[in-house]
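This is model.csv. It holds CSV, C-alpha atoms.
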```
chain,number,residue,atom,x,y,z
A,1,MET,CA,62.8,128.9,41.1
A,2,ALA,CA,63.8,126.6,43.9
A,3,PRO,CA,61.1,125.7,46.5
A,4,HIS,CA,62.9,127.4,49.3
A,5,ASP,CA,63.3,130.6,47.2
A,6,GLN,CA,59.6,130.5,46.5
A,7,THR,CA,58.9,130.1,50.2
A,8,ARG,CA,61.2,133.1,51.0
A,9,LYS,CA,59.5,135.2,48.4
A,10,ALA,CA,56.0,134.3,49.7
A,11,VAL,CA,56.8,135.1,53.3
A,12,HIS,CA,56.6,138.6,54.6
A,13,GLN,CA,59.6,139.4,56.7
A,14,ASP,CA,59.6,142.9,58.0
A,15,SER,CA,62.4,143.2,60.6
A,16,ASP,CA,60.7,146.0,62.6
A,17,ASP,CA,57.4,144.1,62.7
A,18,ILE,CA,59.2,140.9,63.7
A,19,ALA,CA,61.0,142.6,66.6
A,20,SER,CA,57.8,144.3,67.8
A,21,ARG,CA,55.8,141.0,67.9
A,22,LEU,CA,58.7,139.1,69.5
A,23,LEU,CA,59.0,141.7,72.2
A,24,GLY,CA,55.2,141.6,72.8
A,25,TRP,CA,55.4,137.9,73.2
A,26,TYR,CA,58.4,138.2,75.5
A,27,ASP,CA,56.6,140.7,77.8
A,28,LYS,CA,54.0,138.0,78.5
A,29,HIS,CA,56.0,134.7,78.3
A,30,HIS,CA,59.6,135.5,79.3
A,31,ARG,CA,61.3,132.9,81.5
A,32,ASP,CA,61.9,133.9,85.1
A,33,LEU,CA,65.7,133.4,85.6
A,34,PRO,CA,67.7,134.4,88.7
A,35,TRP,CA,70.1,136.6,86.7
A,36,ARG,CA,67.4,138.3,84.6
A,37,THR,CA,65.8,141.7,85.1
A,38,PRO,CA,62.2,141.1,83.8
A,39,PRO,CA,60.5,143.6,81.5
A,40,ARG,CA,58.2,144.9,84.2
A,41,GLU,CA,61.2,145.8,86.4
A,42,LEU,CA,63.0,147.5,83.4
A,43,ALA,CA,59.9,149.5,82.8
A,44,ARG,CA,60.1,150.8,86.4
A,45,GLY,CA,63.6,152.0,85.8
A,46,THR,CA,65.5,149.0,87.3
A,47,ARG,CA,68.7,148.4,85.4
A,48,PRO,CA,70.4,145.0,85.1
A,49,ASP,CA,73.5,144.4,87.2
A,50,PRO,CA,76.4,143.9,84.8
A,51,TYR,CA,78.1,141.6,87.3
A,52,ARG,CA,75.2,139.3,87.3
A,53,VAL,CA,74.8,139.4,83.5
A,54,TRP,CA,78.5,138.6,83.0
A,55,LEU,CA,78.5,135.9,85.6
A,56,SER,CA,75.5,134.1,84.1
A,57,GLU,CA,76.7,134.4,80.5
A,58,VAL,CA,80.1,132.9,81.4
A,59,MET,CA,78.4,130.1,83.3
A,60,LEU,CA,75.9,129.4,80.5
A,61,GLN,CA,78.7,128.8,77.9
A,62,GLN,CA,78.3,125.1,77.0
A,63,THR,CA,76.1,124.5,80.0
A,64,THR,CA,72.3,124.3,80.3
A,65,VAL,CA,70.1,126.9,82.1
A,66,GLU,CA,68.9,124.4,84.6
A,67,ALA,CA,72.4,123.3,85.5
A,68,VAL,CA,73.5,126.9,86.0
A,69,LYS,CA,70.8,128.1,88.3
A,70,SER,CA,72.1,126.6,91.5
A,71,TYR,CA,75.7,127.5,90.7
A,72,PHE,CA,74.7,131.1,90.0
A,73,ARG,CA,72.9,131.4,93.3
A,74,ALA,CA,75.8,129.8,95.2
A,75,PHE,CA,78.3,132.2,93.6
A,76,LEU,CA,76.2,135.2,94.5
A,77,GLU,CA,75.9,134.0,98.1
A,78,LYS,CA,79.7,133.7,98.4
A,79,TRP,CA,80.7,136.6,96.2
A,80,PRO,CA,77.8,139.1,95.7
A,81,THR,CA,79.9,141.7,93.9
A,82,ILE,CA,82.8,141.8,91.4
A,83,ASP,CA,85.0,143.2,94.2
A,84,ALA,CA,84.1,140.2,96.4
A,85,LEU,CA,85.0,137.8,93.6
A,86,ALA,CA,88.3,139.6,92.9
A,87,ALA,CA,89.2,139.2,96.6
A,88,ALA,CA,88.5,135.5,96.6
A,89,GLN,CA,91.2,132.8,96.5
A,90,ALA,CA,91.5,131.2,93.1
A,91,ASP,CA,91.3,127.7,94.6
A,92,ASP,CA,88.0,128.6,96.3
A,93,VAL,CA,86.6,129.8,92.9
A,94,MET,CA,87.7,126.5,91.3
A,95,LYS,CA,86.0,124.6,94.1
A,96,ALA,CA,82.8,126.5,93.6
A,97,TRP,CA,83.0,125.9,89.8
A,98,ALA,CA,83.5,122.1,90.1
A,99,GLY,CA,80.9,120.3,88.1
A,100,LEU,CA,80.2,123.1,85.6
A,101,GLY,CA,83.0,121.8,83.2
A,102,TYR,CA,85.2,123.8,80.8
A,103,TYR,CA,87.4,124.8,83.7
A,104,SER,CA,89.3,127.5,81.7
A,105,ARG,CA,86.1,129.5,82.1
A,106,ALA,CA,86.6,129.6,85.9
A,107,ARG,CA,90.3,130.7,85.5
A,108,ASN,CA,89.2,133.4,83.1
A,109,LEU,CA,86.3,134.4,85.4
A,110,LYS,CA,88.8,135.1,88.3
A,111,ALA,CA,91.2,136.9,86.0
A,112,CYS,CA,88.4,139.1,84.6
A,113,ALA,CA,87.1,139.9,88.1
A,114,ASP,CA,90.6,141.0,89.1
A,115,ILE,CA,91.0,143.3,86.1
A,116,VAL,CA,87.5,144.9,86.5
A,117,ALA,CA,87.9,145.4,90.2
A,118,ARG,CA,91.3,147.1,89.6
A,119,ARG,CA,89.7,149.4,87.0
A,120,GLY,CA,87.3,150.7,89.7
A,121,ASP,CA,84.7,151.9,87.3
A,122,GLY,CA,82.9,148.6,86.5
A,123,PHE,CA,82.6,146.7,83.2
A,124,PRO,CA,83.1,148.4,79.9
A,125,ASP,CA,79.8,149.1,78.2
A,126,THR,CA,80.8,148.4,74.6
A,127,GLU,CA,81.4,145.1,72.8
A,128,THR,CA,85.0,146.3,71.9
A,129,GLY,CA,85.8,147.1,75.5
A,130,LEU,CA,84.3,143.9,76.8
A,131,ARG,CA,86.3,141.8,74.4
A,132,ASP,CA,89.5,143.1,75.9
A,133,LEU,CA,88.7,141.2,79.1
A,134,PRO,CA,89.8,137.6,79.7
A,135,GLY,CA,87.2,134.9,78.8
A,136,ILE,CA,84.9,137.3,76.9
A,137,GLY,CA,84.5,136.5,73.3
A,138,ALA,CA,82.3,137.8,70.6
A,139,TYR,CA,79.1,136.2,71.8
A,140,THR,CA,79.5,137.0,75.5
A,141,ALA,CA,80.5,140.6,74.7
A,142,ALA,CA,77.4,141.1,72.6
A,143,ALA,CA,75.2,139.6,75.3
A,144,ILE,CA,76.6,141.7,78.1
A,145,ALA,CA,76.5,144.9,75.9
A,146,ALA,CA,72.9,144.3,74.9
A,147,ILE,CA,71.4,143.0,78.2
A,148,ALA,CA,73.4,145.0,80.7
A,149,PHE,CA,73.9,148.2,78.8
A,150,ASP,CA,71.1,148.2,76.2
A,151,ARG,CA,73.5,148.4,73.3
A,152,PRO,CA,72.1,147.3,69.9
A,153,ALA,CA,74.3,144.2,69.6
A,154,ALA,CA,73.6,141.0,67.6
A,155,VAL,CA,73.5,138.2,70.2
A,156,VAL,CA,73.7,134.8,68.6
A,157,ASP,CA,73.7,131.6,70.6
A,158,GLY,CA,72.5,128.1,69.7
A,159,ASN,CA,68.9,129.0,70.3
A,160,VAL,CA,69.1,132.1,68.1
A,161,GLU,CA,70.9,130.1,65.3
A,162,ARG,CA,68.0,127.6,65.3
A,163,VAL,CA,65.3,130.4,65.2
A,164,ILE,CA,67.1,132.3,62.3
A,165,SER,CA,67.8,129.1,60.4
A,166,ARG,CA,64.1,128.2,60.4
A,167,LEU,CA,62.8,131.7,59.9
A,168,PHE,CA,64.8,132.1,56.7
A,169,SER,CA,65.2,128.4,55.7
A,170,ILE,CA,68.9,128.6,55.6
A,171,VAL,CA,70.1,125.5,53.7
A,172,THR,CA,73.8,126.2,54.3
A,173,PRO,CA,75.2,123.8,56.9
A,174,LEU,CA,75.2,125.5,60.3
A,175,SER,CA,79.0,125.3,60.7
A,176,GLU,CA,79.3,127.4,57.5
A,177,ALA,CA,76.3,129.7,58.0
A,178,LYS,CA,77.5,131.7,61.0
A,179,SER,CA,78.1,135.0,59.2
A,180,GLU,CA,74.8,134.6,57.3
A,181,ILE,CA,72.9,134.1,60.5
A,182,ARG,CA,74.6,137.0,62.2
A,183,ALA,CA,73.8,139.3,59.3
A,184,HIS,CA,70.1,138.5,59.7
A,185,VAL,CA,70.2,139.2,63.4
A,186,GLU,CA,72.0,142.5,62.9
A,187,ARG,CA,69.2,143.6,60.6
A,188,MET,CA,66.5,142.6,63.1
A,189,VAL,CA,67.9,144.1,66.3
A,190,PRO,CA,65.7,147.1,67.3
A,191,SER,CA,67.1,150.4,68.4
A,192,THR,CA,64.9,150.3,71.5
A,193,ARG,CA,65.0,147.3,74.0
A,194,PRO,CA,67.8,145.5,72.3
A,195,GLY,CA,68.6,143.6,75.5
A,196,ASP,CA,65.0,142.3,75.8
A,197,PHE,CA,65.1,141.4,72.1
A,198,ALA,CA,68.2,139.3,72.6
A,199,GLN,CA,66.6,137.5,75.6
A,200,ALA,CA,63.4,137.1,73.7
A,201,MET,CA,65.2,135.4,70.8
A,202,MET,CA,66.9,133.0,73.3
A,203,ASP,CA,63.6,132.3,75.1
A,204,LEU,CA,61.8,131.6,71.8
A,205,GLY,CA,64.4,129.0,70.8
A,206,ALA,CA,64.5,127.5,74.3
A,207,THR,CA,60.7,127.2,74.8
A,208,ILE,CA,58.9,127.3,71.4
A,209,CYS,CA,61.4,126.8,68.5
A,210,THR,CA,62.9,123.7,70.1
A,211,PRO,CA,65.2,121.2,68.3
A,212,ARG,CA,62.5,118.6,68.2
A,213,ARG,CA,58.7,119.1,67.9
A,214,PRO,CA,58.7,122.9,67.8
A,215,ARG,CA,55.4,124.4,69.0
A,216,CYS,CA,54.9,126.4,65.8
A,217,MET,CA,51.3,127.2,66.5
A,218,LEU,CA,52.3,129.1,69.6
A,219,CYS,CA,55.1,131.0,67.9
A,220,PRO,CA,54.7,134.8,67.5
A,221,LEU,CA,56.7,134.6,64.3
A,222,ARG,CA,54.9,131.7,62.6
A,223,GLU,CA,53.5,133.8,59.9
A,224,ASP,CA,57.0,135.0,58.9
A,225,CYS,CA,58.7,131.6,59.3
A,226,SER,CA,59.8,130.2,56.0
A,227,ALA,CA,60.4,126.7,57.5
A,228,THR,CA,56.9,126.7,59.0
A,229,VAL,CA,55.3,127.6,55.6
A,230,SER,CA,57.3,124.8,54.0
A,231,GLY,CA,56.0,122.4,56.6
A,232,ASP,CA,59.4,121.0,57.7
A,233,PRO,CA,60.9,123.2,60.5
A,234,GLU,CA,62.9,120.3,62.0
A,235,ARG,CA,65.0,120.2,58.9
A,236,PHE,CA,66.7,123.3,60.1
A,237,PRO,CA,69.4,124.1,61.1
A,238,VAL,CA,71.2,121.9,58.5
A,239,ARG,CA,74.1,120.1,60.1
A,240,LEU,CA,77.0,118.1,58.6
A,241,PRO,CA,77.4,114.5,59.9
A,242,LYS,CA,79.4,114.4,63.1
A,243,SER,CA,82.8,112.8,63.1
A,244,GLU,CA,83.3,110.1,65.7
A,245,LYS,CA,85.2,111.1,68.8
A,246,PRO,CA,88.5,109.2,69.5
A,247,SER,CA,88.5,107.0,72.6
A,248,ARG,CA,91.3,107.1,75.2
A,249,ARG,CA,92.1,104.7,78.1
A,250,GLY,CA,93.9,105.1,81.4
A,251,ALA,CA,93.8,104.2,85.1
A,252,ALA,CA,92.9,106.1,88.3
A,253,PHE,CA,93.9,105.2,91.8
A,254,VAL,CA,91.8,106.0,94.9
A,255,ALA,CA,94.1,105.8,97.9
A,256,VAL,CA,92.3,106.0,101.3
A,257,ARG,CA,93.9,106.6,104.7
A,258,SER,CA,92.8,105.0,107.9
A,259,ASP,CA,90.8,108.1,108.9
A,260,GLY,CA,88.9,108.0,105.5
A,261,ALA,CA,90.9,110.8,103.9
A,262,ILE,CA,91.4,110.5,100.1
A,263,LEU,CA,94.7,111.3,98.4
A,264,LEU,CA,94.5,114.1,95.8
A,265,ARG,CA,96.7,116.3,93.8
A,266,LYS,CA,96.2,119.5,91.9
A,267,ARG,CA,96.6,119.4,88.1
A,268,VAL,CA,98.8,122.0,86.4
A,269,GLU,CA,97.1,125.3,85.7
A,270,LYS,CA,97.2,125.0,81.9
A,271,GLY,CA,95.4,122.5,79.7
A,272,LEU,CA,92.6,120.1,80.2
A,273,LEU,CA,91.0,120.3,83.7
A,274,GLY,CA,93.8,122.8,84.6
A,275,GLY,CA,94.0,123.8,88.2
A,276,MET,CA,91.4,121.2,89.3
A,277,SER,CA,92.0,118.4,91.9
A,278,GLU,CA,92.2,114.7,91.0
A,279,VAL,CA,93.2,111.3,92.3
A,280,PRO,CA,96.4,109.9,90.9
A,281,THR,CA,96.1,108.7,87.3
A,282,THR,CA,98.2,107.4,84.5
A,283,GLY,CA,99.4,109.7,81.8
A,284,TRP,CA,96.4,109.8,79.5
A,285,THR,CA,95.7,112.9,77.4
A,286,ALA,CA,93.3,113.8,74.6
A,287,ARG,CA,95.9,112.4,72.2
A,288,ILE,CA,97.4,109.3,73.9
A,289,ASP,CA,96.4,106.5,76.1
A,290,GLY,CA,97.8,105.9,79.6
A,291,ALA,CA,98.6,102.6,81.3
A,292,THR,CA,95.5,100.7,82.5
A,293,THR,CA,96.9,98.3,85.1
A,294,ALA,CA,97.6,98.4,88.9
A,295,ASP,CA,101.3,98.1,88.1
A,296,ALA,CA,101.1,101.8,87.0
A,297,ALA,CA,100.2,103.0,90.4
A,298,PRO,CA,102.3,106.0,91.6
A,299,PHE,CA,103.3,104.1,94.8
A,300,PRO,CA,103.0,100.5,96.1
A,301,GLY,CA,99.8,99.3,97.7
A,302,LYS,CA,97.3,96.5,97.8
A,303,TRP,CA,95.4,97.8,94.8
A,304,ARG,CA,92.2,96.1,93.9
A,305,ARG,CA,90.0,96.9,90.9
A,306,ALA,CA,86.9,98.9,91.6
A,307,GLY,CA,85.3,98.9,88.1
A,308,SER,CA,85.7,101.5,85.4
A,309,VAL,CA,84.1,104.8,84.5
A,310,THR,CA,83.6,106.6,81.2
A,311,HIS,CA,83.5,110.3,80.5
A,312,VAL,CA,83.0,112.3,77.3
A,313,PHE,CA,85.0,115.4,76.8
A,314,THR,CA,84.5,117.9,74.0
A,315,HIS,CA,87.0,116.2,71.7
A,316,PHE,CA,87.4,112.7,73.0
A,317,ALA,CA,85.9,110.0,75.2
A,318,LEU,CA,87.8,108.6,78.1
A,319,GLU,CA,87.6,105.2,79.9
A,320,LEU,CA,89.4,104.9,83.2
A,321,ASP,CA,90.0,101.6,85.1
A,322,VAL,CA,89.6,102.4,88.8
A,323,PHE,CA,91.8,100.9,91.5
A,324,HIS,CA,91.3,101.3,95.3
A,325,ALA,CA,93.7,100.7,98.2
A,326,ASP,CA,93.9,101.4,101.9
A,327,VAL,CA,97.2,103.1,102.6
A,328,GLY,CA,99.2,104.7,105.4
A,329,GLY,CA,102.5,106.4,105.9
A,330,ALA,CA,103.8,109.8,104.8
A,331,THR,CA,102.0,111.9,102.2
A,332,PRO,CA,103.7,111.5,98.8
A,333,ALA,CA,105.3,114.6,97.3
A,334,GLY,CA,102.9,116.7,95.4
A,335,TYR,CA,99.8,115.2,97.0
A,336,PHE,CA,97.4,116.2,99.8
A,337,TRP,CA,94.8,114.4,101.9
A,338,SER,CA,91.2,115.5,101.8
A,339,MET,CA,89.0,114.4,104.8
A,340,PRO,CA,85.6,112.7,104.2
A,341,ALA,CA,83.7,115.8,105.3
A,342,GLU,CA,85.7,118.0,102.9
A,343,ILE,CA,85.8,115.9,99.7
A,344,SER,CA,82.5,117.1,98.4
A,345,GLY,CA,83.8,120.7,98.5
A,346,GLU,CA,87.1,120.0,96.6
A,347,ALA,CA,87.6,121.2,93.1
A,348,LEU,CA,86.9,117.8,91.5
A,349,PRO,CA,85.9,117.7,87.9
A,350,THR,CA,83.0,115.4,87.1
A,351,VAL,CA,85.2,112.6,85.8
A,352,MET,CA,87.1,112.5,89.1
A,353,LYS,CA,83.8,112.4,91.1
A,354,LYS,CA,82.9,109.4,89.0
A,355,VAL,CA,86.2,107.7,89.8
A,356,ILE,CA,85.9,108.3,93.5
A,357,GLU,CA,82.2,107.2,93.5
A,358,ALA,CA,83.3,103.9,91.8
A,359,ALA,CA,85.7,103.2,94.6
A,360,ILE,CA,83.7,104.7,97.5
A,361,PRO,CA,80.0,105.1,96.7
A,362,GLY,CA,78.5,108.3,98.2
A,363,ALA,CA,81.9,109.8,99.1
A,364,THR,CA,81.5,112.9,96.9
A,365,LYS,CA,77.9,113.5,97.9
A,366,ARG,CA,78.5,113.9,101.6
A,367,GLN,CA,77.7,117.3,103.0
A,368,ARG,CA,80.0,119.5,105.0
A,369,PRO,CA,79.1,119.7,108.7
A,370,GLU,CA,77.2,122.9,109.7
```

Target format structure tokens, applied to this file:
Amino acid sequence: MAPHDQTRKAVHQDSDDIASRLLGWYDKHHRDLPWRTPPRELARGTRPDPYRVWLSEVMLQQTTVEAVKSYFRAFLEKWPTIDALAAAQADDVMKAWAGLGYYSRARNLKACADIVARRGDGFPDTETGLRDLPGIGAYTAAAIAAIAFDRPAAVVDGNVERVISRLFSIVTPLSEAKSEIRAHVERMVPSTRPGDFAQAMMDLGATICTPRRPRCMLCPLREDCSATVSGDPERFPVRLPKSEKPSRRGAAFVAVRSDGAILLRKRVEKGLLGGMSEVPTTGWTARIDGATTADAAPFPGKWRRAGSVTHVFTHFALELDVFHADVGGATPAGYFWSMPAEISGEALPTVMKKVIEAAIPGATKRQRPE
């Protein structure tokens, strides 16, 4: 018998007992998050707001909890309800989203708000109904169903994948073990407090069962954890070697008017950074390089080099040579000027903020006047 098979056989793994101990741990050690209804409030009869649950889950896709907190609070201040968000201008939503990345999420956020507001009866309370909405996939539907509506759904994010991989010493590479992990979670979800169970699993992975140096002695499931018994929890989850990302090149042009306004344009709605604002650039994409010299500027000017910036997208890395010029005259077709006091509020993706900062240090960090 293989060592890991022996370990599995030696470890007692009763799903009901695991769920009970995990919930007991969560009651005492849960994270306080601005979108979360804590156990003590649930016990008093307070129900989670589906709007807040949905908004947080969309924001948390591919983004850290710490990065999301300030954005979540700002969104709630601007649009405290789903109806308020539906009534917002799409450009304003994109501006509020700028910096969170994966901008298709913001477009889907607005589209989803529009549909739910038109329905008039709130979010669907089942995974199937939720998945019919824009931007809500399997994970997000399960999370909303469990947390907002207390449905017994299997919620599996990266933290949960790590916990389950270690709990059961899953040697299948993570990219191929998704269905196996989900099957384990489905068996573990309790009929009572499934929303708290989902959040407890996430919190356990985020605070105890961390990728490096997991704090196994503090884990409520250590006696059941096959990886802990084997003495090598950091081995899991097993990952295949990462392929190297391709690199792309291009140039970006920061044109500044005499009053300090910066020339911008809006990208097409579809595709990478769709609907966001940018300074003029050459025709780089995820698949091809763009020109990298001042000769490729969209209009004549005394362009001077202002350094270069790099940015890593999901599927490729980008290096842009930055050029800066003081310009005057009419506004080129398809462009608009953003005043110095307004530039920090534009829907600029991170890569464009880097470009502008290279040419005009501090420009994107200026605050709007009160």

Give me, as a JSON list (two decimals) with C-alpha atoms, keeping the file's coordinate frame, all polymer residues having an atom no more than 9 Å from range 230-243 of chain A, counting all atoms listed in the file and skipping those fewer than 6 positions away in the same chain.
```json
[["chain", "number", "residue", "atom", "x", "y", "z"],
["A", 3, "PRO", "CA", 61.10, 125.70, 46.50],
["A", 4, "HIS", "CA", 62.90, 127.40, 49.30],
["A", 7, "THR", "CA", 58.90, 130.10, 50.20],
["A", 161, "GLU", "CA", 70.90, 130.10, 65.30],
["A", 162, "ARG", "CA", 68.00, 127.60, 65.30],
["A", 163, "VAL", "CA", 65.30, 130.40, 65.20],
["A", 164, "ILE", "CA", 67.10, 132.30, 62.30],
["A", 165, "SER", "CA", 67.80, 129.10, 60.40],
["A", 166, "ARG", "CA", 64.10, 128.20, 60.40],
["A", 167, "LEU", "CA", 62.80, 131.70, 59.90],
["A", 169, "SER", "CA", 65.20, 128.40, 55.70],
["A", 170, "ILE", "CA", 68.90, 128.60, 55.60],
["A", 171, "VAL", "CA", 70.10, 125.50, 53.70],
["A", 172, "THR", "CA", 73.80, 126.20, 54.30],
["A", 173, "PRO", "CA", 75.20, 123.80, 56.90],
["A", 174, "LEU", "CA", 75.20, 125.50, 60.30],
["A", 175, "SER", "CA", 79.00, 125.30, 60.70],
["A", 209, "CYS", "CA", 61.40, 126.80, 68.50],
["A", 210, "THR", "CA", 62.90, 123.70, 70.10],
["A", 211, "PRO", "CA", 65.20, 121.20, 68.30],
["A", 212, "ARG", "CA", 62.50, 118.60, 68.20],
["A", 213, "ARG", "CA", 58.70, 119.10, 67.90],
["A", 214, "PRO", "CA", 58.70, 122.90, 67.80],
["A", 216, "CYS", "CA", 54.90, 126.40, 65.80]]
```

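Closest approach to Ser179 in chain A among A:Val156, A:His315, A:Trp97, A:Ala19 is made by A:Val156 (distances from only C-alpha atoms).
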
Residue with the minimum atom-to-atom distance to Trp35 in chain A, picked from A:Leu60, A:Cys225, A:Val160, A:Leu320 with all atoms listed in the file counted, is A:Leu60

Expressed in Å to a single decimal, how great is the separation between CA of Ile115 in chain A and CA of Leu42 in chain A?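 Taking CA of Ile115 in chain A and CA of Leu42 in chain A, their separation equals 28.4 Å.
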
Of the listed residues A:Ala43, A:Met59, A:Ile262, A:Ala286, that which approaches Ile343 in chain A most closely, counting only C-alpha atoms: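 Selected residue with least distance to Ile343 in chain A: A:Ile262.
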
Please list as a PyMOL selection string every residue within 10 Å of Pro39 in chain A, counting all atoms listed in the file and excluding residues in the same chain fewer than 4 positions away. chain A and resi 23+26-28+30+43-46+193+196

Sorted by chain and rising residue number, which residues of range 329-353 of chain A lie within 12 Å of range 294-307 of chain A, and what are their closest atom pairs and distances in Å to one decimal, counting only C-alpha atoms, as CSV?
```
residue,atom,partner,partner_atom,distance
A:Gly329,CA,A:Gly301,CA,11.2
A:Ala330,CA,A:Phe299,CA,11.5
A:Thr331,CA,A:Phe299,CA,10.8
A:Pro332,CA,A:Phe299,CA,8.4
A:Ala333,CA,A:Pro298,CA,10.7
A:Gly334,CA,A:Pro298,CA,11.4
A:Tyr335,CA,A:Pro298,CA,11.0
```

Using only C-alpha atoms, can you tell me which of A:Gly158, A:Pro280, A:Pro220, A:Gly275 comes closest to Ile181 in chain A?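 Going through A:Gly158, A:Pro280, A:Pro220, A:Gly275 one by one, the smallest distance to Ile181 in chain A is for A:Gly158.
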
Neighbourhood query: residues within 12 Å of (87.2, 115.3, 101.5), file coordinates, counting all atoms listed in the file; return as a VMD selection string. chain A and resid 95 256 to 257 259 to 264 277 to 279 336 to 348 353 356 360 362 to 369

For a quick check of your reading of the model, name the residues lying within 10 Å of the coordinate (79.3, 139.7, 72.5), counting all atoms listed in the file, and write them as a PyMOL selection string. chain A and resi 57+126-128+130-131+136-146+153-156

For a quick check of understanding, using only C-alpha atoms, which of A:Arg73, A:His324, A:Arg118, A:His311 has the smallest distance to Lys354 in chain A?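 Among the listed residues, the smallest separation from Lys354 in chain A belongs to A:His311.
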
For a quick check of understanding, using only C-alpha atoms, which of A:Ala87, A:Tyr103, A:Phe123, A:Trp25 has the smallest distance to Tyr51 in chain A?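 Closest candidate: A:Phe123.
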